[in-house]
Amino acid sequence: MKKTEKIKFIGEKLDELFPNPPIPLDYTSAYTMLVAVVLSAQCTDIRVNQVTKVLFKKADTPKKMVKLGVDRIAEIIKPCGFFNTKSVNIYNLSRELVEKFDGNVPQTFEELEALPGVGHKTASVVMSHIFKIPAFPVDTHIHRLAMRWGLSDGSSVEQTEKDLKKIFPENEWEKRHLQIIYFGRTYCKARGHKPEECPICSVAGR
């Protein structure tokens, strides 16, 4: 299968299976989205949503989060894992938002990525879903599937992001990012994957 045919097939199959993919994290603002994404590292979205339901009732703004304090944040987010590091990062990024940005989430990659605990993927999620600035966040699912489908060589997450941005039109990035995540979770898992039974790998795998 030629690469152009493969890309067309993958796009059509993703649209067929996940035509309107929802954002899996619960949030009510740019700030709560940012905190939820920070919490989602090495943690399932279901668990994050359970934790943020409690956390955001107590602190859904940077000022309230700072007032809550590191120890109380850690206590609430403990089910997420890496809670000690995450609680410090959430407290510190909240404090910086209050001190440097008047409590608002900045709208540039540079400023977002300078916040404690915020990497490029986290910044990309916020930029794409909140501010509608084109970005293609790459998580483990997307990195794995891009390699399985021969869309990237798997050498790094950074390379996968570059390759996928070239393959898919900019106006599709937000949707494709979510579709590939859902496809990876449903049909193309990391363990026990059977390529011959996968709706995409069986046709367009390497």
# chains A, B, ... in the order shown; residues from 1 in each chain; ligands from 1

call {"tool": "residues_around", "arguments": {"residues": "Lys2 in chain A", "least_positions_apart": "6", "cutoff": "12 Å", "atoms": "only C-alpha atoms", "output": "list in words"}}
result
Lys8, Phe9, Gly150, Leu151, Val203, Ala204, Gly205 and Arg206 of chain A

call {"tool": "closest_atom_pairs", "arguments": {"of": "range 14-78 of chain A", "to": "range 97-105 of chain A", "cutoff": "7 Å", "atoms": "only C-alpha atoms", "output": "tab-separated table"}}
result
residue	atom	partner	partner_atom	distance
A:Ala30	CA	A:Val105	CA	6.4
A:Tyr31	CA	A:Val105	CA	6.1
A:Pro62	CA	A:Gly103	CA	5.9
A:Lys63	CA	A:Val98	CA	6.5

call {"tool": "closest_residue", "arguments": {"among": "A:Val126, A:Ala190, A:Ile167, A:Ile76", "to": "Ile10 in chain A", "atoms": "only C-alpha atoms"}}
result
A:Ile167

call {"tool": "closest_atom_pairs", "arguments": {"of": "range 78-114 of chain A", "to": "range 50-56 of chain A", "cutoff": "12 Å", "atoms": "only C-alpha atoms", "output": "tab-separated table"}}
result
residue	atom	partner	partner_atom	distance
A:Lys78	CA	A:Val51	CA	8.5
A:Pro79	CA	A:Val51	CA	7.3
A:Cys80	CA	A:Val51	CA	7.5
A:Gly81	CA	A:Val51	CA	11.1
A:Phe83	CA	A:Val51	CA	11.3
A:Ser87	CA	A:Leu55	CA	11.3
A:Ile90	CA	A:Leu55	CA	11.4

call {"tool": "residues_around", "arguments": {"residues": "range 135-148 of chain A", "least_positions_apart": "6", "cutoff": "9 Å", "atoms": "only C-alpha atoms", "output": "NGL selection string"}}
result
:A and (120-125 or 127-129 or 154-158 or 160-165 or 170 or 173-174 or 176-177 or 180-185 or 188-190 or 201 or 204-206)

call {"tool": "atom_distance", "arguments": {"atom1": "CA of Pro21 in chain A", "atom2": "CA of Ser152 in chain A"}}
result
23.0 Å

call {"tool": "residues_around", "arguments": {"residues": "Asn92 in chain A", "least_positions_apart": "4", "cutoff": "9 Å", "atoms": "only C-alpha atoms", "output": "short mmCIF file (atom, residue, chain, number, x, y, z; two decimals) with C-alpha atoms, in the first residue's frame"}}
result
data_model
loop_
_atom_site.label_atom_id
_atom_site.label_comp_id
_atom_site.auth_asym_id
_atom_site.auth_seq_id
_atom_site.Cartn_x
_atom_site.Cartn_y
_atom_site.Cartn_z
CA VAL A 66 -2.04 28.09 46.49
CA VAL A 70 1.21 21.37 48.96
CA SER A 87 1.55 18.30 44.25
CA VAL A 88 4.68 20.46 44.35
CA GLU A 96 3.51 31.46 39.19
CA LEU A 97 0.18 31.99 37.43
CA LEU A 115 5.74 26.58 34.23
CA PRO A 116 6.72 23.91 36.79
CA GLY A 117 5.73 20.40 35.70
#

call {"tool": "select_by_dssp", "arguments": {"residues": "chain A", "states": "alpha helix (DSSP H)", "output": "MDAnalysis selection string"}}
result
chainID A and resid 3:17 30:39 45:58 62:68 70:77 83:101 109:113 120:129 140:148 157:167 173:186 201:204

call {"tool": "write_last_selection", "arguments": {"atoms": "C-alpha atoms", "output": "compact mmCIF listing (two decimals), in the first residue's frame"}}
result
# COMPACT_ATOMS: atom_id res chain seq x y z
CA LYS A 3 1.88 5.92 1.80
CA THR A 4 -0.73 8.29 0.38
CA GLU A 5 -3.26 5.43 0.24
CA LYS A 6 -2.31 4.34 3.75
CA ILE A 7 -2.80 7.84 5.17
CA LYS A 8 -6.17 8.16 3.41
CA PHE A 9 -7.27 4.76 4.75
CA ILE A 10 -6.16 5.57 8.31
CA GLY A 11 -7.97 8.92 8.26
CA GLU A 12 -11.18 7.38 6.94
CA LYS A 13 -11.08 4.51 9.45
CA LEU A 14 -10.50 6.91 12.36
CA ASP A 15 -13.41 9.09 11.18
CA GLU A 16 -15.61 6.01 10.90
CA LEU A 17 -14.80 4.66 14.37
CA ALA A 30 -7.96 26.60 30.96
CA TYR A 31 -6.56 26.28 34.47
CA THR A 32 -8.47 23.12 35.41
CA MET A 33 -7.51 21.59 32.05
CA LEU A 34 -3.85 22.39 32.73
CA VAL A 35 -3.95 20.79 36.18
CA ALA A 36 -5.80 17.73 34.86
CA VAL A 37 -3.19 17.17 32.15
CA VAL A 38 -0.36 17.51 34.68
CA LEU A 39 -2.10 14.86 36.80
CA ASP A 45 -7.94 9.59 32.62
CA ILE A 46 -10.66 7.83 34.63
CA ARG A 47 -8.56 8.08 37.80
CA VAL A 48 -7.67 11.70 37.06
CA ASN A 49 -11.35 12.60 36.65
CA GLN A 50 -12.15 10.94 39.99
CA VAL A 51 -9.40 12.94 41.70
CA THR A 52 -10.14 16.29 40.07
CA LYS A 53 -13.81 15.98 41.01
CA VAL A 54 -12.65 16.31 44.63
CA LEU A 55 -9.72 18.66 44.00
CA PHE A 56 -11.60 21.23 41.91
CA LYS A 57 -14.42 21.49 44.46
CA LYS A 58 -11.82 22.84 46.86
CA PRO A 62 -4.67 29.26 41.00
CA LYS A 63 -5.32 31.44 44.08
CA LYS A 64 -7.44 28.75 45.74
CA MET A 65 -4.85 26.07 44.90
CA VAL A 66 -2.04 28.09 46.49
CA LYS A 67 -4.21 28.58 49.57
CA LEU A 68 -4.83 24.83 49.72
CA VAL A 70 1.21 21.37 48.96
CA ASP A 71 0.35 18.88 51.72
CA ARG A 72 -3.41 19.10 51.18
CA ILE A 73 -2.99 18.89 47.39
CA ALA A 74 -0.81 15.77 47.81
CA GLU A 75 -3.39 14.17 50.09
CA ILE A 76 -6.17 14.65 47.52
CA ILE A 77 -4.21 13.59 44.44
CA PHE A 83 1.66 12.61 44.02
CA ASN A 84 4.58 14.19 45.87
CA THR A 85 6.14 15.58 42.70
CA LYS A 86 2.79 16.48 41.14
CA SER A 87 1.55 18.30 44.25
CA VAL A 88 4.68 20.46 44.35
CA ASN A 89 4.40 21.20 40.62
CA ILE A 90 0.70 22.06 40.84
CA TYR A 91 1.32 24.36 43.80
CA ASN A 92 4.30 26.07 42.15
CA LEU A 93 2.68 26.50 38.74
CA SER A 94 -0.41 27.93 40.45
CA ARG A 95 1.74 30.38 42.40
CA GLU A 96 3.51 31.46 39.19
CA LEU A 97 0.18 31.99 37.43
CA VAL A 98 -0.91 34.25 40.29
CA GLU A 99 2.39 36.16 40.50
CA LYS A 100 3.26 36.48 36.80
CA PHE A 101 -0.01 36.16 34.88
CA PHE A 109 4.14 27.51 24.21
CA GLU A 110 7.17 29.30 25.64
CA GLU A 111 5.34 30.63 28.69
CA LEU A 112 3.40 27.41 29.30
CA GLU A 113 6.47 25.19 29.06
CA HIS A 120 5.67 20.19 25.61
CA LYS A 121 2.90 17.59 25.49
CA THR A 122 0.95 19.22 28.32
CA ALA A 123 1.36 22.65 26.71
CA SER A 124 0.24 21.22 23.37
CA VAL A 125 -2.97 19.80 24.88
CA VAL A 126 -3.89 23.15 26.44
CA MET A 127 -2.97 25.15 23.32
CA SER A 128 -4.97 22.82 21.06
CA HIS A 129 -8.12 22.16 23.09
CA THR A 140 2.49 6.94 24.41
CA HIS A 141 -0.52 5.69 22.43
CA ILE A 142 0.14 8.02 19.51
CA HIS A 143 3.87 7.32 19.54
CA ARG A 144 3.22 3.55 19.49
CA LEU A 145 0.62 3.64 16.73
CA ALA A 146 2.58 5.99 14.47
CA MET A 147 5.43 3.47 14.54
CA ARG A 148 3.14 0.47 14.01
CA VAL A 157 8.29 11.47 20.59
CA GLU A 158 9.62 14.70 19.07
CA GLN A 159 10.18 13.00 15.70
CA THR A 160 6.73 11.40 15.80
CA GLU A 161 5.17 14.83 16.37
CA LYS A 162 7.06 16.32 13.41
CA ASP A 163 6.10 13.42 11.12
CA LEU A 164 2.41 13.47 12.02
CA LYS A 165 2.24 17.24 11.54
CA LYS A 166 3.54 16.75 8.00
CA ILE A 167 1.13 13.89 7.27
CA TRP A 173 -4.55 17.86 14.26
CA GLU A 174 -6.88 18.33 17.23
CA LYS A 175 -9.27 15.63 16.04
CA ARG A 176 -6.58 13.16 14.90
CA HIS A 177 -4.75 13.44 18.23
CA LEU A 178 -7.88 12.35 20.11
CA GLN A 179 -8.91 9.72 17.55
CA ILE A 180 -5.54 7.97 17.65
CA ILE A 181 -5.59 7.92 21.47
CA TYR A 182 -9.03 6.31 21.51
CA PHE A 183 -8.04 3.86 18.77
CA GLY A 184 -4.92 2.86 20.69
CA ARG A 185 -6.90 2.25 23.87
CA THR A 186 -9.64 0.29 22.11
CA CYS A 201 -2.79 -2.66 11.44
CA SER A 202 -4.37 -5.55 9.51
CA VAL A 203 -4.55 -3.32 6.41
CA ALA A 204 -2.01 -0.54 6.88

call {"tool": "atom_distance", "arguments": {"atom1": "CA of Gln42 in chain A", "atom2": "CA of Gly69 in chain A"}}
result
22.8 Å

call {"tool": "closest_residue", "arguments": {"among": "A:Thr61, A:Trp149, A:Lys132, A:Leu25", "to": "Thr44 in chain A", "atoms": "only C-alpha atoms"}}
result
A:Leu25

call {"tool": "closest_residue", "arguments": {"among": "A:Ile23, A:Lys194, A:Ser29, A:Gly119", "to": "Phe131 in chain A", "atoms": "only C-alpha atoms"}}
result
A:Ser29

call {"tool": "decode", "arguments": {"residues": "range 89-123 of chain A", "atoms": "N, CA and C atoms", "output": "PDB file, in the first residue's frame"}}
result
ATOM      1  N   ASN A  89       4.508  20.524  41.925  1.00  0.00           N
ATOM      2  CA  ASN A  89       4.396  21.196  40.623  1.00  0.00           C
ATOM      3  C   ASN A  89       3.093  21.983  40.495  1.00  0.00           C
ATOM      4  N   ILE A  90       2.000  21.389  40.923  1.00  0.00           N
ATOM      5  CA  ILE A  90       0.695  22.064  40.835  1.00  0.00           C
ATOM      6  C   ILE A  90       0.677  23.316  41.714  1.00  0.00           C
ATOM      7  N   TYR A  91       1.248  23.198  42.908  1.00  0.00           N
ATOM      8  CA  TYR A  91       1.325  24.360  43.804  1.00  0.00           C
ATOM      9  C   TYR A  91       2.187  25.457  43.171  1.00  0.00           C
ATOM     10  N   ASN A  92       3.365  25.085  42.699  1.00  0.00           N
ATOM     11  CA  ASN A  92       4.300  26.075  42.148  1.00  0.00           C
ATOM     12  C   ASN A  92       3.803  26.705  40.856  1.00  0.00           C
ATOM     13  N   LEU A  93       3.190  25.901  39.987  1.00  0.00           N
ATOM     14  CA  LEU A  93       2.678  26.498  38.742  1.00  0.00           C
ATOM     15  C   LEU A  93       1.511  27.434  39.050  1.00  0.00           C
ATOM     16  N   SER A  94       0.714  27.075  40.048  1.00  0.00           N
ATOM     17  CA  SER A  94      -0.409  27.934  40.453  1.00  0.00           C
ATOM     18  C   SER A  94       0.106  29.255  41.011  1.00  0.00           C
ATOM     19  N   ARG A  95       1.144  29.176  41.817  1.00  0.00           N
ATOM     20  CA  ARG A  95       1.739  30.384  42.398  1.00  0.00           C
ATOM     21  C   ARG A  95       2.306  31.290  41.297  1.00  0.00           C
ATOM     22  N   GLU A  96       2.968  30.675  40.305  1.00  0.00           N
ATOM     23  CA  GLU A  96       3.513  31.464  39.191  1.00  0.00           C
ATOM     24  C   GLU A  96       2.410  32.123  38.373  1.00  0.00           C
ATOM     25  N   LEU A  97       1.301  31.399  38.179  1.00  0.00           N
ATOM     26  CA  LEU A  97       0.176  31.985  37.434  1.00  0.00           C
ATOM     27  C   LEU A  97      -0.368  33.210  38.163  1.00  0.00           C
ATOM     28  N   VAL A  98      -0.429  33.126  39.491  1.00  0.00           N
ATOM     29  CA  VAL A  98      -0.910  34.254  40.288  1.00  0.00           C
ATOM     30  C   VAL A  98       0.080  35.417  40.223  1.00  0.00           C
ATOM     31  N   GLU A  99       1.369  35.108  40.397  1.00  0.00           N
ATOM     32  CA  GLU A  99       2.391  36.162  40.502  1.00  0.00           C
ATOM     33  C   GLU A  99       2.766  36.796  39.155  1.00  0.00           C
ATOM     34  N   LYS A 100       2.785  35.980  38.092  1.00  0.00           N
ATOM     35  CA  LYS A 100       3.258  36.478  36.803  1.00  0.00           C
ATOM     36  C   LYS A 100       2.162  36.752  35.778  1.00  0.00           C
ATOM     37  N   PHE A 101       1.017  36.066  35.929  1.00  0.00           N
ATOM     38  CA  PHE A 101      -0.012  36.157  34.880  1.00  0.00           C
ATOM     39  C   PHE A 101      -1.385  36.562  35.412  1.00  0.00           C
ATOM     40  N   ASP A 102      -1.403  37.122  36.618  1.00  0.00           N
ATOM     41  CA  ASP A 102      -2.660  37.597  37.210  1.00  0.00           C
ATOM     42  C   ASP A 102      -3.697  36.471  37.308  1.00  0.00           C
ATOM     43  N   GLY A 103      -3.215  35.245  37.505  1.00  0.00           N
ATOM     44  CA  GLY A 103      -4.110  34.104  37.677  1.00  0.00           C
ATOM     45  C   GLY A 103      -4.603  33.481  36.389  1.00  0.00           C
ATOM     46  N   ASN A 104      -4.123  33.993  35.251  1.00  0.00           N
ATOM     47  CA  ASN A 104      -4.558  33.460  33.954  1.00  0.00           C
ATOM     48  C   ASN A 104      -3.526  32.484  33.389  1.00  0.00           C
ATOM     49  N   VAL A 105      -3.991  31.543  32.568  1.00  0.00           N
ATOM     50  CA  VAL A 105      -3.096  30.609  31.895  1.00  0.00           C
ATOM     51  C   VAL A 105      -2.559  31.287  30.633  1.00  0.00           C
ATOM     52  N   PRO A 106      -1.238  31.364  30.476  1.00  0.00           N
ATOM     53  CA  PRO A 106      -0.660  32.025  29.292  1.00  0.00           C
ATOM     54  C   PRO A 106      -0.975  31.262  28.004  1.00  0.00           C
ATOM     55  N   GLN A 107      -0.966  31.994  26.902  1.00  0.00           N
ATOM     56  CA  GLN A 107      -1.378  31.405  25.627  1.00  0.00           C
ATOM     57  C   GLN A 107      -0.221  31.222  24.639  1.00  0.00           C
ATOM     58  N   THR A 108       0.986  31.028  25.149  1.00  0.00           N
ATOM     59  CA  THR A 108       2.114  30.728  24.264  1.00  0.00           C
ATOM     60  C   THR A 108       2.814  29.467  24.761  1.00  0.00           C
ATOM     61  N   PHE A 109       3.414  28.724  23.837  1.00  0.00           N
ATOM     62  CA  PHE A 109       4.144  27.512  24.207  1.00  0.00           C
ATOM     63  C   PHE A 109       5.290  27.853  25.156  1.00  0.00           C
ATOM     64  N   GLU A 110       5.991  28.922  24.852  1.00  0.00           N
ATOM     65  CA  GLU A 110       7.167  29.305  25.639  1.00  0.00           C
ATOM     66  C   GLU A 110       6.804  29.549  27.099  1.00  0.00           C
ATOM     67  N   GLU A 111       5.747  30.307  27.320  1.00  0.00           N
ATOM     68  CA  GLU A 111       5.341  30.632  28.691  1.00  0.00           C
ATOM     69  C   GLU A 111       4.760  29.418  29.410  1.00  0.00           C
ATOM     70  N   LEU A 112       3.981  28.614  28.693  1.00  0.00           N
ATOM     71  CA  LEU A 112       3.402  27.409  29.301  1.00  0.00           C
ATOM     72  C   LEU A 112       4.483  26.420  29.709  1.00  0.00           C
ATOM     73  N   GLU A 113       5.427  26.181  28.792  1.00  0.00           N
ATOM     74  CA  GLU A 113       6.471  25.189  29.056  1.00  0.00           C
ATOM     75  C   GLU A 113       7.456  25.644  30.130  1.00  0.00           C
ATOM     76  N   ALA A 114       7.438  26.915  30.461  1.00  0.00           N
ATOM     77  CA  ALA A 114       8.301  27.430  31.527  1.00  0.00           C
ATOM     78  C   ALA A 114       7.685  27.208  32.914  1.00  0.00           C
ATOM     79  N   LEU A 115       6.405  26.826  32.949  1.00  0.00           N
ATOM     80  CA  LEU A 115       5.738  26.578  34.226  1.00  0.00           C
ATOM     81  C   LEU A 115       6.208  25.250  34.820  1.00  0.00           C
ATOM     82  N   PRO A 116       6.291  25.149  36.148  1.00  0.00           N
ATOM     83  CA  PRO A 116       6.721  23.905  36.794  1.00  0.00           C
ATOM     84  C   PRO A 116       5.830  22.711  36.409  1.00  0.00           C
ATOM     85  N   GLY A 117       6.462  21.620  36.003  1.00  0.00           N
ATOM     86  CA  GLY A 117       5.727  20.398  35.698  1.00  0.00           C
ATOM     87  C   GLY A 117       5.006  20.385  34.364  1.00  0.00           C
ATOM     88  N   VAL A 118       5.198  21.437  33.564  1.00  0.00           N
ATOM     89  CA  VAL A 118       4.506  21.524  32.276  1.00  0.00           C
ATOM     90  C   VAL A 118       5.512  21.293  31.147  1.00  0.00           C
ATOM     91  N   GLY A 119       5.392  20.162  30.483  1.00  0.00           N
ATOM     92  CA  GLY A 119       6.251  19.855  29.347  1.00  0.00           C
ATOM     93  C   GLY A 119       5.574  20.218  28.039  1.00  0.00           C
ATOM     94  N   HIS A 120       6.195  19.835  26.939  1.00  0.00           N
ATOM     95  CA  HIS A 120       5.669  20.194  25.614  1.00  0.00           C
ATOM     96  C   HIS A 120       4.321  19.533  25.331  1.00  0.00           C
ATOM     97  N   LYS A 121       4.172  18.273  25.745  1.00  0.00           N
ATOM     98  CA  LYS A 121       2.904  17.585  25.490  1.00  0.00           C
ATOM     99  C   LYS A 121       1.750  18.255  26.238  1.00  0.00           C
ATOM    100  N   THR A 122       1.988  18.564  27.514  1.00  0.00           N
ATOM    101  CA  THR A 122       0.955  19.224  28.325  1.00  0.00           C
ATOM    102  C   THR A 122       0.590  20.579  27.718  1.00  0.00           C
ATOM    103  N   ALA A 123       1.605  21.342  27.342  1.00  0.00           N
ATOM    104  CA  ALA A 123       1.364  22.647  26.715  1.00  0.00           C
ATOM    105  C   ALA A 123       0.580  22.486  25.417  1.00  0.00           C
TER     106      ALA A 123
END
